[in-house]
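S.K.: Have a peek at structure-v5.csv (CSV, C-alpha atoms).
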```
chain,number,residue,atom,x,y,z
A,11,MET,CA,0.0,0.0,0.0
A,12,LYS,CA,2.8,2.4,0.9
A,13,LYS,CA,4.5,1.7,-2.4
A,14,THR,CA,1.3,2.5,-4.3
A,15,VAL,CA,0.8,5.8,-2.5
A,16,LEU,CA,4.4,6.8,-3.1
A,17,SER,CA,4.0,6.1,-6.8
A,18,VAL,CA,0.9,8.3,-7.0
A,19,VAL,CA,2.7,11.1,-5.1
A,20,LEU,CA,5.7,10.9,-7.3
A,21,ALA,CA,3.7,10.9,-10.5
A,22,GLY,CA,1.8,14.0,-9.3
A,23,THR,CA,5.0,15.7,-8.5
A,24,LEU,CA,6.4,15.0,-11.9
A,25,LEU,CA,3.3,16.3,-13.6
A,26,ALA,CA,3.5,19.5,-11.6
A,27,LEU,CA,7.1,20.3,-12.5
A,28,PRO,CA,7.6,23.2,-15.0
A,29,GLU,CA,9.6,22.7,-18.2
A,30,VAL,CA,13.2,22.8,-17.0
A,31,THR,CA,14.4,24.3,-20.3
A,32,ASP,CA,12.3,27.5,-19.7
A,33,ALA,CA,15.0,28.9,-17.4
A,34,ALA,CA,18.2,30.9,-17.7
A,35,LEU,CA,21.7,30.8,-16.4
A,36,GLY,CA,21.6,32.7,-13.1
A,37,ASP,CA,18.2,31.6,-11.9
A,38,GLN,CA,19.8,29.1,-9.5
A,39,THR,CA,23.2,28.2,-8.1
A,40,LEU,CA,24.8,25.3,-10.1
A,41,ARG,CA,27.1,22.7,-8.6
A,42,GLU,CA,28.5,19.3,-9.2
A,43,GLY,CA,25.9,16.5,-9.6
A,44,MET,CA,23.2,18.7,-11.1
A,45,ARG,CA,21.5,18.0,-14.4
A,46,HIS,CA,19.6,20.8,-16.0
A,47,SER,CA,19.2,22.9,-19.2
A,48,ASP,CA,21.0,25.8,-17.2
A,49,VAL,CA,24.1,23.5,-17.2
A,50,VAL,CA,24.0,23.4,-21.0
A,51,GLU,CA,23.9,27.2,-21.1
A,52,LEU,CA,26.8,27.3,-18.5
A,53,GLN,CA,28.9,24.9,-20.6
A,54,GLU,CA,28.3,26.9,-23.8
A,55,ALA,CA,29.3,30.1,-22.0
A,56,LEU,CA,32.4,28.4,-20.7
A,57,ARG,CA,33.1,27.0,-24.1
A,58,GLU,CA,32.9,30.5,-25.7
A,59,LYS,CA,35.5,31.7,-23.1
A,60,GLY,CA,37.8,28.7,-23.9
A,61,HIS,CA,37.4,26.8,-20.6
A,62,PHE,CA,35.0,24.0,-21.4
A,63,THR,CA,36.6,21.9,-24.1
A,64,PHE,CA,34.5,18.7,-24.0
A,65,HIS,CA,33.2,17.9,-27.5
A,66,THR,CA,29.5,18.5,-26.6
A,67,SER,CA,27.4,20.3,-24.0
A,68,THR,CA,25.8,17.5,-21.9
A,69,GLY,CA,23.7,19.4,-19.4
A,70,PHE,CA,25.3,17.4,-16.6
A,71,PHE,CA,27.5,19.2,-14.1
A,72,GLY,CA,30.3,16.7,-13.6
A,73,SER,CA,34.0,16.9,-12.8
A,74,ILE,CA,34.8,18.2,-16.3
A,75,THR,CA,32.4,21.1,-15.9
A,76,ALA,CA,33.6,21.8,-12.4
A,77,ASP,CA,37.2,21.9,-13.6
A,78,ALA,CA,36.1,24.3,-16.3
A,79,VAL,CA,34.3,26.5,-13.8
A,80,ARG,CA,37.4,26.6,-11.6
A,81,SER,CA,39.6,27.5,-14.6
A,82,PHE,CA,37.3,30.3,-15.5
A,83,GLN,CA,37.1,31.6,-11.9
A,84,ARG,CA,40.9,31.7,-11.7
A,85,SER,CA,41.1,33.6,-14.9
A,86,ALA,CA,38.4,36.0,-13.7
A,87,ASP,CA,40.2,36.5,-10.4
A,88,ILE,CA,37.1,35.5,-8.4
A,89,THR,CA,36.5,32.9,-5.7
A,90,VAL,CA,37.6,29.5,-7.0
A,91,ASP,CA,35.2,26.9,-5.7
A,92,GLY,CA,33.8,25.2,-8.8
A,93,ILE,CA,30.3,26.4,-7.9
A,94,VAL,CA,28.3,28.7,-10.2
A,95,GLY,CA,26.6,31.4,-8.1
A,96,PRO,CA,25.9,35.1,-8.7
A,97,GLN,CA,29.6,36.1,-8.7
A,98,THR,CA,30.5,33.5,-11.4
A,99,VAL,CA,27.4,34.2,-13.5
A,100,GLY,CA,28.2,37.9,-13.3
A,101,ALA,CA,31.7,37.4,-14.4
A,102,LEU,CA,30.5,35.2,-17.3
A,103,GLY,CA,28.2,38.1,-18.3
A,104,ALA,CA,25.2,35.7,-18.4
A,105,GLY,CA,21.8,35.6,-16.7
A,106,SER,CA,18.4,37.0,-17.1
A,107,SER,CA,19.4,40.6,-16.5
A,108,THR,CA,21.7,40.8,-19.5
A,109,SER,CA,21.0,42.4,-22.9
A,110,LYS,CA,19.0,39.4,-24.0
A,111,VAL,CA,15.9,41.2,-22.5
A,112,GLN,CA,14.3,43.5,-25.0
A,113,THR,CA,14.1,47.3,-24.2
A,114,SER,CA,10.7,48.9,-24.1
A,115,SER,CA,11.2,50.5,-27.5
A,116,GLN,CA,11.2,47.0,-29.0
A,117,ASN,CA,8.1,45.8,-27.1
A,118,SER,CA,5.3,44.7,-29.5
A,119,SER,CA,2.2,42.5,-29.6
A,120,SER,CA,2.2,42.2,-33.3
A,121,ALA,CA,4.2,39.8,-35.5
A,122,SER,CA,4.7,42.7,-37.9
A,123,ASP,CA,7.0,44.5,-35.4
A,124,PHE,CA,9.7,41.8,-34.9
A,125,SER,CA,13.1,43.4,-35.2
A,126,ARG,CA,15.5,40.6,-34.3
A,127,THR,CA,16.0,36.9,-34.9
A,128,LEU,CA,14.8,34.9,-32.0
A,129,ARG,CA,16.2,31.6,-30.8
A,130,VAL,CA,16.4,29.3,-27.8
A,131,GLY,CA,17.6,31.2,-24.8
A,132,ASP,CA,16.2,34.6,-25.7
A,133,ARG,CA,13.9,36.5,-23.5
A,134,GLY,CA,11.7,39.6,-24.0
A,135,ASN,CA,8.4,41.0,-25.0
A,136,ASP,CA,9.1,40.1,-28.6
A,137,VAL,CA,9.2,36.5,-27.5
A,138,VAL,CA,5.7,37.0,-26.0
A,139,SER,CA,4.6,38.4,-29.3
A,140,LEU,CA,6.0,35.4,-31.1
A,141,GLN,CA,4.3,33.0,-28.8
A,142,GLU,CA,1.0,34.9,-29.2
A,143,ALA,CA,1.3,34.8,-33.0
A,144,LEU,CA,2.0,31.1,-32.9
A,145,ARG,CA,-0.9,30.6,-30.5
A,146,GLU,CA,-3.2,32.3,-33.0
A,147,LYS,CA,-2.0,29.8,-35.7
A,148,GLY,CA,-2.6,26.9,-33.3
A,149,HIS,CA,1.0,25.9,-32.8
A,150,PHE,CA,1.8,27.3,-29.3
A,151,THR,CA,-0.4,25.5,-26.8
A,152,PHE,CA,1.3,26.3,-23.5
A,153,HIS,CA,-1.2,27.8,-21.0
A,154,THR,CA,0.6,31.2,-20.9
A,155,SER,CA,3.0,33.3,-22.9
A,156,THR,CA,6.2,33.3,-20.9
A,157,GLY,CA,8.5,35.6,-22.8
A,158,TYR,CA,11.2,32.9,-22.7
A,159,TYR,CA,12.2,31.0,-25.8
A,160,GLY,CA,12.6,27.5,-24.5
A,161,SER,CA,12.0,24.1,-26.0
A,162,ILE,CA,8.2,24.5,-26.0
A,163,THR,CA,8.5,27.6,-28.1
A,164,ALA,CA,11.2,26.1,-30.4
A,165,ASP,CA,8.9,23.1,-31.0
A,166,ALA,CA,6.0,25.4,-31.8
A,167,VAL,CA,8.2,27.3,-34.3
A,168,ARG,CA,9.2,24.1,-36.0
A,169,SER,CA,5.6,23.0,-36.2
A,170,PHE,CA,4.6,26.3,-37.8
A,171,GLN,CA,7.6,26.2,-40.2
A,172,ARG,CA,6.7,22.7,-41.4
A,173,SER,CA,3.1,23.7,-41.9
A,174,ALA,CA,4.2,26.8,-43.9
A,175,GLY,CA,6.6,24.8,-46.1
A,176,ILE,CA,9.6,26.8,-45.1
A,177,SER,CA,13.0,25.9,-43.6
A,178,VAL,CA,12.5,24.0,-40.3
A,179,ASP,CA,15.2,25.1,-37.8
A,180,GLY,CA,13.3,26.2,-34.7
A,181,ILE,CA,14.7,29.7,-35.2
A,182,ALA,CA,12.4,32.7,-35.8
A,183,GLY,CA,13.9,34.9,-38.3
A,184,PRO,CA,12.7,37.1,-41.3
A,185,GLN,CA,11.4,34.1,-43.2
A,186,THR,CA,9.4,32.8,-40.3
A,187,PHE,CA,8.1,36.2,-39.4
A,188,GLY,CA,7.1,36.8,-43.1
A,189,ALA,CA,5.1,33.5,-43.1
A,190,LEU,CA,3.5,34.5,-39.8
A,191,ARG,CA,2.3,37.7,-41.4
A,192,GLY,CA,1.0,35.8,-44.3
A,193,SER,CA,3.6,37.2,-46.8
A,194,GLY,CA,4.9,33.8,-47.7
A,195,GLY,CA,8.0,31.9,-46.8
A,196,ASN,CA,10.3,32.6,-49.7
A,197,ALA,CA,11.1,36.2,-48.9
A,198,GLN,CA,14.8,37.2,-48.9
A,199,THR,CA,16.3,36.9,-45.4
A,200,SER,CA,19.3,39.1,-46.1
A,201,SER,CA,20.9,41.4,-48.6
A,202,ARG,CA,23.5,38.7,-49.0
A,203,THR,CA,21.1,36.1,-50.3
A,204,THR,CA,20.1,35.5,-53.9
A,205,SER,CA,16.5,35.3,-55.2
A,206,ILE,CA,14.5,32.1,-54.8
A,207,SER,CA,12.1,30.8,-57.4
A,208,SER,CA,9.9,27.9,-56.7
A,209,GLY,CA,12.0,27.0,-53.6
A,210,GLN,CA,15.3,27.0,-55.6
A,211,ALA,CA,18.1,29.5,-55.2
A,212,SER,CA,19.7,31.3,-58.1
A,213,SER,CA,22.4,29.2,-59.7
A,214,SER,CA,24.8,32.2,-59.9
A,215,ARG,CA,27.6,32.2,-57.3
A,216,SER,CA,30.6,34.4,-56.7
A,217,TYR,CA,33.0,31.5,-56.5
A,218,ASP,CA,34.0,28.4,-58.5
A,219,VAL,CA,32.1,25.4,-56.9
A,220,GLU,CA,34.6,22.9,-58.1
A,221,LYS,CA,37.5,24.8,-56.6
A,222,LEU,CA,35.6,25.1,-53.4
A,223,ILE,CA,35.1,21.3,-53.2
A,224,ARG,CA,38.8,20.7,-54.1
A,225,ASP,CA,39.8,23.0,-51.3
A,226,ALA,CA,37.5,21.1,-48.9
A,227,ARG,CA,38.8,17.7,-50.0
A,228,ASN,CA,42.4,18.9,-49.5
A,229,LEU,CA,41.6,19.2,-45.8
A,230,LEU,CA,40.6,15.5,-45.5
A,231,GLY,CA,42.1,14.1,-42.3
A,232,THR,CA,42.6,17.5,-40.6
A,233,PRO,CA,42.0,17.0,-36.9
A,234,TYR,CA,39.1,18.3,-35.0
A,235,VAL,CA,40.1,21.1,-32.5
A,236,TRP,CA,37.4,23.0,-30.7
A,237,GLY,CA,37.7,26.7,-31.6
A,238,GLY,CA,40.2,25.9,-34.4
A,239,THR,CA,40.0,27.7,-37.7
A,240,THR,CA,43.2,26.7,-39.6
A,241,PRO,CA,44.4,23.5,-41.3
A,242,SER,CA,46.4,22.6,-38.2
A,243,GLY,CA,43.2,22.0,-36.4
A,244,MET,CA,39.6,23.3,-36.8
A,245,ASP,CA,36.1,22.6,-35.6
A,246,SER,CA,32.9,22.1,-37.6
A,247,SER,CA,32.2,25.8,-38.3
A,248,GLY,CA,35.9,26.6,-38.6
A,249,PHE,CA,36.1,24.1,-41.5
A,250,ILE,CA,33.2,25.7,-43.3
A,251,THR,CA,34.3,29.3,-42.8
A,252,TYR,CA,37.9,28.5,-43.8
A,253,VAL,CA,37.0,26.8,-47.1
A,254,PHE,CA,34.6,29.6,-48.1
A,255,ARG,CA,37.1,32.3,-47.1
A,256,GLN,CA,39.7,30.6,-49.4
A,257,ASN,CA,37.1,31.2,-52.2
A,258,GLY,CA,36.4,34.8,-51.4
A,259,VAL,CA,33.3,34.4,-49.3
A,260,SER,CA,33.4,35.7,-45.7
A,261,LEU,CA,31.0,34.0,-43.3
A,262,PRO,CA,30.4,34.7,-39.6
A,263,ARG,CA,32.2,32.4,-37.2
A,264,THR,CA,29.4,30.0,-36.1
A,265,HIS,CA,26.7,27.9,-37.7
A,266,SER,CA,23.9,29.8,-36.0
A,267,GLN,CA,25.3,33.1,-37.2
A,268,TYR,CA,25.7,32.3,-40.9
A,269,TYR,CA,22.7,30.0,-41.2
A,270,PRO,CA,20.2,32.9,-41.7
A,271,LEU,CA,22.4,34.5,-44.4
A,272,GLY,CA,22.1,31.6,-46.9
A,273,THR,CA,19.5,31.1,-49.5
A,274,THR,CA,17.4,28.0,-48.7
A,275,VAL,CA,17.5,25.2,-51.2
A,276,GLN,CA,15.1,22.3,-51.2
A,277,THR,CA,17.5,19.9,-52.9
A,278,PRO,CA,21.2,20.5,-52.2
A,279,GLN,CA,23.6,20.6,-55.1
A,280,ARG,CA,27.4,20.5,-55.1
A,281,GLY,CA,28.9,23.3,-53.0
A,282,ASP,CA,25.7,23.9,-50.9
A,283,VAL,CA,26.0,23.8,-47.1
A,284,VAL,CA,24.0,21.1,-45.4
A,285,PHE,CA,23.0,21.8,-41.7
A,286,PHE,CA,22.2,19.5,-38.8
A,287,GLU,CA,20.8,19.9,-35.4
A,288,THR,CA,22.8,17.9,-32.8
A,289,TYR,CA,23.4,18.9,-29.2
A,290,LYS,CA,21.2,22.0,-29.1
A,291,ALA,CA,18.2,23.4,-30.9
A,292,GLY,CA,18.9,25.0,-34.3
A,293,PRO,CA,22.0,24.5,-36.6
A,294,SER,CA,24.9,23.1,-34.6
A,295,HIS,CA,26.8,21.2,-37.3
A,296,ALA,CA,27.3,21.6,-41.1
A,297,GLY,CA,29.1,20.2,-44.1
A,298,ILE,CA,29.6,20.9,-47.8
A,299,TYR,CA,27.4,18.8,-50.1
A,300,LEU,CA,29.5,16.8,-52.7
A,301,GLY,CA,26.7,15.2,-54.7
A,302,ASP,CA,25.6,11.6,-54.9
A,303,GLY,CA,24.2,11.8,-51.3
A,304,THR,CA,27.5,12.6,-49.6
A,305,PHE,CA,28.9,15.6,-47.7
A,306,ILE,CA,32.3,16.6,-46.4
A,307,HIS,CA,32.5,17.9,-42.8
A,308,ASN,CA,34.7,18.1,-39.7
A,309,SER,CA,33.5,15.4,-37.3
A,310,SER,CA,34.5,15.7,-33.6
A,311,SER,CA,35.4,12.0,-33.6
A,312,GLN,CA,37.0,11.6,-37.1
A,313,GLY,CA,38.3,15.0,-38.2
A,314,VAL,CA,37.5,16.2,-41.7
A,315,THR,CA,35.8,13.2,-43.4
A,316,ILE,CA,33.2,12.3,-46.0
A,317,THR,CA,29.9,10.9,-44.9
A,318,ARG,CA,26.6,9.8,-46.6
A,319,MET,CA,23.5,11.9,-46.0
A,320,ASP,CA,21.5,8.7,-45.2
A,321,ASN,CA,23.9,7.9,-42.4
A,322,SER,CA,21.8,6.6,-39.4
A,323,TYR,CA,23.2,9.4,-37.2
A,324,TRP,CA,23.1,12.3,-39.5
A,325,SER,CA,19.9,11.6,-41.5
A,326,PRO,CA,17.4,12.3,-38.7
A,327,ARG,CA,19.3,15.4,-37.6
A,328,TYR,CA,19.3,17.1,-41.1
A,329,ILE,CA,17.4,20.4,-41.0
A,330,GLY,CA,18.1,21.8,-44.5
A,331,ALA,CA,20.6,23.2,-47.0
A,332,LYS,CA,21.7,26.7,-47.8
A,333,ARG,CA,23.5,28.3,-50.7
A,334,TYR,CA,26.1,31.2,-50.3
```
Could you spell out this file's structure in C-alpha cells?
M.R.:
Amino acid sequence: MKKTVLSVVLAGTLLALPEVTDAALGDQTLREGMRHSDVVELQEALREKGHFTFHTSTGFFGSITADAVRSFQRSADITVDGIVGPQTVGALGAGSSTSKVQTSSQNSSSASDFSRTLRVGDRGNDVVSLQEALREKGHFTFHTSTGYYGSITADAVRSFQRSAGISVDGIAGPQTFGALRGSGGNAQTSSRTTSISSGQASSSRSYDVEKLIRDARNLLGTPYVWGGTTPSGMDSSGFITYVFRQNGVSLPRTHSQYYPLGTTVQTPQRGDVVFFETYKAGPSHAGIYLGDGTFIHNSSSQGVTITRMDNSYWSPRYIGAKRY
C-alpha cells in the first residue's frame, strides 16, 4: 500500500514540474551533480571563453564542468570553488538581466513588429509576441505566454515552419516572421542572399564550386580542434568558414550566425552547405554537399571526413541546406 501511495505522489509531483528548459543561467546556483538545461547554457558560456573543451554540452555538471568553472574563476580573479553562483554568473556576463531582454522601445504585440532573430535562450516581450502569434495559428499551446524562448517555443516554431513549407530550424527569423504575417516563406532573409524561385536558389555564385570542393577535399584528415580555424586543427564551423574564405566568401564564425544568411534550397547541389541539429536546438553542425548523397565535414570523432547523408546518425538530424 505504501508503495502505491508513493508512486501516485511521485507521479503527481512530476506532472507539476515546470519545463526545465524554460529557465536561464543565473536563476539558480549550479554545482557538481546537477543535471539541467541551465548547465547546458553554462557549458556553452564556458566554451565561448575557452574553458570548457568537451566535444559536446551535456547538461550534466560533472568533474569536467567543475574543472572548467574553476579554470574560469581563476582567470576572472574571483573565488575559486567550482560552484556557479551570482559572482561567477556575473563574471560570465550571463543571466536573465543581460542584454537578452528587450528594451521597451522594442516591445510589441504584433508579428509585424519583430526586429531581431529569436532563438532558444532569448527573453523579451518580442518572444511574448511570437508566442501569441504562434498561438493564433494553433502551434503554441502552453497555457501562458512566458516571454522565454525554451524548447516548447522552439517546437511550436518548428511545427509552424513545417506547416508553412519553409526551412525547419526552430529559429524565428525574417522568413518565419514573413510567413506568420502571411507574406509567404520565400522572402529574402538578407541582402547577401540571392533570389529564390519555386524553392530553388539562383544558380549564380561568386565562386567556383569545383575549386571550393577541391579546397575542402584537400583538408581531409585535418584533426578536430574545438575553436580551431586553420588546417592545423579546426572545428565544424571553422572548417566551413575556412573553405569559403579561401574562395572569397566571408562567413560569420558560427553555424547559427551564418545559417540565416544563406538562401534556402530544397534539394542540395554540389557546394551547398547542409545543416544538422545535434546537441542543441537549431543548426549546430554543417558540411559541404559533394553530390551523390555525400557531404564533407569536420567530425569531432574523425576530423575532416566524407559521410553519406543517409547515415543513421546524420539523416534524422538534417534540417536543411543553404547556398552562399
S.K.: Write out as an mmCIF file with C-alpha atoms, in the coordinates of the input the residues lying within 8 Å of Pro278 of chain A, counting all atoms listed in the file and excluding same-chain residues fewer than 6 positions away.
M.R.:
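What ended up in part_20.cif:
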```cif
data_model
loop_
_atom_site.group_PDB
_atom_site.id
_atom_site.type_symbol
_atom_site.label_atom_id
_atom_site.label_comp_id
_atom_site.auth_asym_id
_atom_site.auth_seq_id
_atom_site.Cartn_x
_atom_site.Cartn_y
_atom_site.Cartn_z
ATOM 1 C CA VAL A 284 24.000 21.100 -45.400
ATOM 2 C CA TYR A 299 27.400 18.800 -50.100
ATOM 3 C CA ALA A 331 20.600 23.200 -47.000
ATOM 4 C CA LYS A 332 21.700 26.700 -47.800
#
```
S.K.: Take atom CA of Val138 of chain A and atom CA of Thr156 of chain A and report the distance between them in Å, one decimal.
M.R.: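 Interatomic distance, atom CA of Val138 of chain A to atom CA of Thr156 of chain A: 6.3 Å.
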S.K.: What separation in Å, quoted to one decimal, exists between atom CA of Thr163 of chain A and atom CA of Asp320 of chain A?
M.R.: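 Atom-to-atom, atom CA of Thr163 of chain A to atom CA of Asp320 of chain A, that is 28.6 Å.
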S.K.: Show me, as a list in words, the residues that have an atom within 8 Å of Arg280 of chain A when counting only C-alpha atoms, minus same-chain residues fewer than 4 positions from it.
M.R.: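 These residues fall inside the cut-off: Val219, Ile223, Ile298, Tyr299, Leu300 and Gly301 of chain A.
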S.K.: If you measure from atom CA of Pro326 of chain A to atom CA of Leu230 of chain A, what distance in Å do you get, rounded to one decimal?
M.R.: 24.4 Å
S.K.: Contacts of Thr239 of chain A at 8 Å or less, counting all atoms listed in the file, minus same-chain residues fewer than 4 places along, as a ChimeraX atom specification?
M.R.: /A:243-245,248-249,251-252
S.K.: Set the distance at 8 Å and use all atoms listed in the file: which residues neighbour Arg41 of chain A once local chain neighbours fewer than 2 positions away are removed? I'd like the list as a list in words.
M.R.: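 So, after excluding close chain neighbours, the residues are Thr39, Gly43, Met44, Phe71, Ala76, Gly92, Ile93 and Val94 of chain A.
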S.K.: Name the residues in contact with Ser242 of chain A at a cut-off of 10 Å, using all atoms listed in the file, excluding same-chain residues fewer than 2 positions from it; report them as a list in words.
M.R.: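 The filter keeps Leu229, Thr232, Pro233, Tyr234, Val235, Gly238, Thr239, Thr240 and Met244 of chain A.
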S.K.: With all atoms listed in the file as the atoms that count, which of A:Tyr158, A:Asp77, A:Gln279, A:Leu52 lies nearest to Val90 of chain A?
M.R.: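 Checking each candidate against Val90 of chain A, we get A:Asp77 as the closest.
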S.K.: May I ask which of the residues A:Gly175, A:Gly95, A:Gly192, A:Gly281 is the closest one to Asp225 of chain A, counting all atoms listed in the file?
M.R.: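 Residue with the minimum atom-to-atom distance to Asp225 of chain A: A:Gly281.
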S.K.: From the options A:Leu56, A:Ile176, A:Ile181, A:Met319, which residue's atoms come nearest to Val275 of chain A, counting all atoms listed in the file?
M.R.: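 Of A:Leu56, A:Ile176, A:Ile181, A:Met319, the one nearest Val275 of chain A, counting all atoms listed in the file, is A:Ile176.
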S.K.: Between A:Leu271, A:Val137, A:Ala86, A:Val49, which is the closest to Pro184 of chain A once you count all atoms listed in the file?
M.R.: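 Checking each candidate against Pro184 of chain A, we get A:Leu271 as the closest.
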